[in-house]
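Visitor: Before we start, here is the structure in question, set down as structure tokens.
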Amino acid sequence: MNDSFKACMIAARAEFKAAKQLIQREISSYPAPIAGCDVQFNGLLADRQRISAALQSLDEVVFVPTPRTPRPNAGIESR
């Protein structure tokens, strides 16, 4: 990995964390909704979930199949 890629990943994490904090503050200060009927509140909850999923995806290990390891946990073929 080169330094600019690492810097971009650090910046992406920081931006997603900042966005999650903003959404959380907005949710916390939102007037009490009628359960299941407040579209805007439900949208905020959905946005918070999308941001959480994006943060999680930045940390996931991605399997890239190769001829020697065609599927996860296949082990390495000895030649």
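The chains in the structure tokens are called A, B, ... from first to last as shown; in each chain the residues are counted from 1, and the ligands are counted from 1 in the order shown.
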Write out as a list in words the residues lying within 12 Å of Phe63 in chain A, counting only C-alpha atoms and excluding same-chain residues fewer than 3 positions away.

Guide: Glu60, Thr66, Thr69, Pro70, Arg71, Pro72, Asn73 and Ala74 of chain A

Visitor: Based on the selection just made, write C-alpha atoms of those residues as a JSON list (two decimals), in the first residue's frame.

Guide:
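Output saved as out.json:
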```json
[["chain", "number", "residue", "atom", "x", "y", "z"],
["A", 60, "GLU", "CA", -13.33, -6.38, 6.39],
["A", 66, "THR", "CA", -6.54, -17.01, -7.33],
["A", 69, "THR", "CA", -6.72, -20.62, -3.68],
["A", 70, "PRO", "CA", -9.97, -20.73, -5.65],
["A", 71, "ARG", "CA", -12.21, -20.48, -2.58],
["A", 72, "PRO", "CA", -11.88, -19.27, 1.02],
["A", 73, "ASN", "CA", -10.15, -21.68, 3.39],
["A", 74, "ALA", "CA", -9.00, -23.88, 0.47]]
```

Visitor: Residues of chain A in alpha helix (DSSP H) according to DSSP, as number ranges by chain?

Guide: A: 3-29, 39-59

Visitor: If we count only C-alpha atoms and set the cut-off at 7 Å, which residues sit around range 16-31 of chain A, ignoring sequence neighbours fewer than 5 positions away in its own chain? Please answer as a PDB file with N, CA and C atoms, in the first residue's frame.

Guide:
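The resulting part-v4.pdb:
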```pdb
ATOM      1  N   LEU A  44     -33.329   8.710   9.198  1.00  0.00           N
ATOM      2  CA  LEU A  44     -32.115   8.932   9.994  1.00  0.00           C
ATOM      3  C   LEU A  44     -31.564   7.606  10.511  1.00  0.00           C
ATOM      4  N   ARG A  48     -27.940   6.000   9.593  1.00  0.00           N
ATOM      5  CA  ARG A  48     -26.990   5.558  10.619  1.00  0.00           C
ATOM      6  C   ARG A  48     -26.545   4.125  10.342  1.00  0.00           C
ATOM      7  N   ILE A  51     -24.097   4.080   7.368  1.00  0.00           N
ATOM      8  CA  ILE A  51     -22.775   4.575   7.758  1.00  0.00           C
ATOM      9  C   ILE A  51     -22.037   3.505   8.561  1.00  0.00           C
ATOM     10  N   LEU A  55     -18.471   1.755   7.515  1.00  0.00           N
ATOM     11  CA  LEU A  55     -17.302   1.678   8.394  1.00  0.00           C
ATOM     12  C   LEU A  55     -16.849   0.231   8.564  1.00  0.00           C
TER      13      LEU A  55
END
```

Visitor: Please report the interatomic distance between CA of Ala11 in chain A and CA of Ala54 in chain A in Å with one decimal.

Guide: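 About the pair CA of Ala11 in chain A and CA of Ala54 in chain A: they are 13.3 Å apart.
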
Visitor: State, in Å with one decimal place, the distance from CA of Ala14 in chain A to CA of Ser52 in chain A.

Guide: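 The value is 12.4 Å.
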
Visitor: One number please: CA of Asp59 in chain A to CA of Met9 in chain A, in Å, one decimal.

Guide: 9.9 Å
